[in-house]
>>> print(open('my_file.txt').read())   # compact mmCIF, C-alpha atoms
# COMPACT_ATOMS: atom_id res chain seq x y z
CA MET A 5 -39.32 7.01 99.91
CA VAL A 6 -36.62 9.51 99.11
CA TRP A 7 -37.98 12.48 97.21
CA GLY A 8 -35.73 13.40 94.35
CA PRO A 9 -35.63 15.45 91.17
CA ARG A 10 -36.48 12.50 88.92
CA LEU A 11 -39.71 11.78 90.81
CA ALA A 12 -40.54 15.47 91.12
CA GLY A 13 -39.91 16.00 87.42
CA LEU A 14 -42.23 13.30 86.08
CA ASP A 15 -44.47 14.46 83.25
CA GLN A 16 -48.00 14.48 84.72
CA SER A 17 -49.52 13.79 81.31
CA VAL A 18 -47.55 10.51 81.15
CA PHE A 19 -47.62 9.67 84.88
CA PRO A 20 -50.82 11.32 86.22
CA MET A 21 -50.95 9.43 89.52
CA LEU A 22 -47.25 9.59 90.41
CA GLY A 23 -47.18 13.18 89.19
CA HIS A 24 -49.60 14.11 91.97
CA LEU A 25 -47.38 12.90 94.81
CA LEU A 26 -46.05 15.76 96.93
CA PRO A 27 -43.19 15.51 99.44
CA TYR A 28 -44.92 17.77 101.98
CA ALA A 29 -48.59 16.72 101.76
CA ASP A 30 -50.62 13.55 102.11
CA THR A 31 -51.87 11.92 98.91
CA VAL A 32 -54.66 9.34 98.86
CA PHE A 33 -55.51 7.01 95.98
CA ASN A 34 -58.83 5.19 95.72
CA HIS A 35 -59.39 1.74 94.24
CA ARG A 36 -59.69 2.98 90.65
CA GLN A 37 -56.69 5.29 90.93
CA VAL A 38 -54.53 2.52 92.37
CA SER A 39 -54.95 0.50 89.16
CA THR A 40 -53.46 3.39 87.17
CA LEU A 41 -50.77 3.99 89.80
CA LEU A 42 -49.58 0.38 89.59
CA GLU A 43 -49.42 0.54 85.80
CA GLU A 44 -47.32 3.70 86.08
CA VAL A 45 -44.92 2.14 88.59
CA LEU A 46 -44.33 -0.79 86.23
CA ARG A 47 -43.30 1.48 83.36
CA LEU A 48 -41.18 3.99 85.26
CA PRO A 49 -37.68 4.61 83.94
CA ALA A 50 -34.95 2.97 85.99
CA GLY A 51 -33.80 4.95 89.00
CA VAL A 52 -36.93 7.01 89.65
CA LEU A 53 -37.91 4.73 92.55
CA THR A 54 -35.77 2.21 94.32
CA ASP A 55 -36.63 -1.40 93.53
CA GLU A 56 -37.58 -1.92 97.17
CA PHE A 57 -40.00 1.00 97.19
CA ALA A 58 -41.53 0.00 93.84
CA ARG A 59 -42.13 -3.53 95.16
CA GLU A 60 -43.76 -2.12 98.30
CA VAL A 61 -46.07 0.15 96.30
CA ILE A 62 -47.09 -2.79 94.10
CA GLU A 63 -47.70 -5.01 97.13
CA LEU A 64 -49.74 -2.40 98.98
CA GLY A 65 -51.59 -1.41 95.83
CA GLN A 66 -52.57 -5.02 95.21
CA ALA A 67 -53.90 -5.21 98.77
CA VAL A 68 -56.10 -2.19 98.01
CA LEU A 69 -57.36 -3.82 94.82
CA ASP A 70 -58.10 -7.09 96.63
CA GLY A 71 -60.03 -5.50 99.53
CA PRO A 72 -63.32 -3.65 99.66
CA GLY A 73 -63.28 0.11 100.27
CA LEU A 74 -59.53 0.44 100.81
CA TYR A 75 -57.28 3.40 100.00
CA LEU A 76 -53.54 3.80 99.49
CA TRP A 77 -52.16 6.74 101.47
CA PHE A 78 -48.79 8.43 101.02
CA LEU A 79 -47.97 10.59 104.02
CA GLY A 80 -46.03 13.74 103.33
CA ASP A 81 -43.25 15.05 105.51
CA TYR A 82 -44.53 18.17 107.19
>>> encode(input="my_file.txt", output="C-alpha cells")
Amino acid sequence: MVWGPRLAGLDQSVFPMLGHLLPYADTVFNHRQVSTLLEEVLRLPAGVLTDEFAREVIELGQAVLDGPGLYLWFLGDY
C-alpha cells in the first residue's frame, strides 16, 4: 500500500478502522473490527486506495471472517 495524504486525512469519525492505520506502526484488526473495516473499504471515495489494494483487503478480510480466531495485520514501515 502506498501511504498518501488522502488515506492519512480520512475522518476517523466516518472511517474509524481505516483512520487507525499508521504508516510506521503495525495495526491489527480482530474478527469484529474486520467487519467494520470491510464496510469502510466499500464506501471509500475513489482514489484513496488502489483498486488492487482494496480487492486484496476485502479478500483477506473475508478470510478472517470465515476462519476461527484469525486477525488481519497491517505491517508498518519502520
>>> axis_aligned_box(input="my_file.txt", around="segment 5-24 of chain A", padding_each_side="6 Å", output="JSON")
{"center_x": -43.3, "center_y": 11.5, "center_z": 90.5, "size_x": 27.3, "size_y": 21.0, "size_z": 30.8}
>>> residues_near_point(input="my_file.txt", point="(-55.5, 0.1, 100.2)", cutoff="10 Å", atoms="all atoms listed in the file", output="PyMOL selection string")
chain A and resi 32-35+38+63-77
>>> atom_distance(input="my_file.txt", atom1="atom CA of Tyr28 of chain A", atom2="atom CA of Gly8 of chain A")
12.7 Å
>>> residues_near_point(input="my_file.txt", point="(-50.0, 11.2, 92.7)", cutoff="12 Å", atoms="all atoms listed in the file", output="VMD selection string")
chain A and resid 11 to 12 14 to 27 29 to 34 37 to 38 40 to 42 44 to 45 76 to 80
>>> atom_distance(input="my_file.txt", atom1="atom CA of Glu60 of chain A", atom2="atom CA of Pro9 of chain A")
20.6 Å
>>> atom_distance(input="my_file.txt", atom1="atom CA of Phe57 of chain A", atom2="atom CA of Arg36 of chain A")
20.8 Å
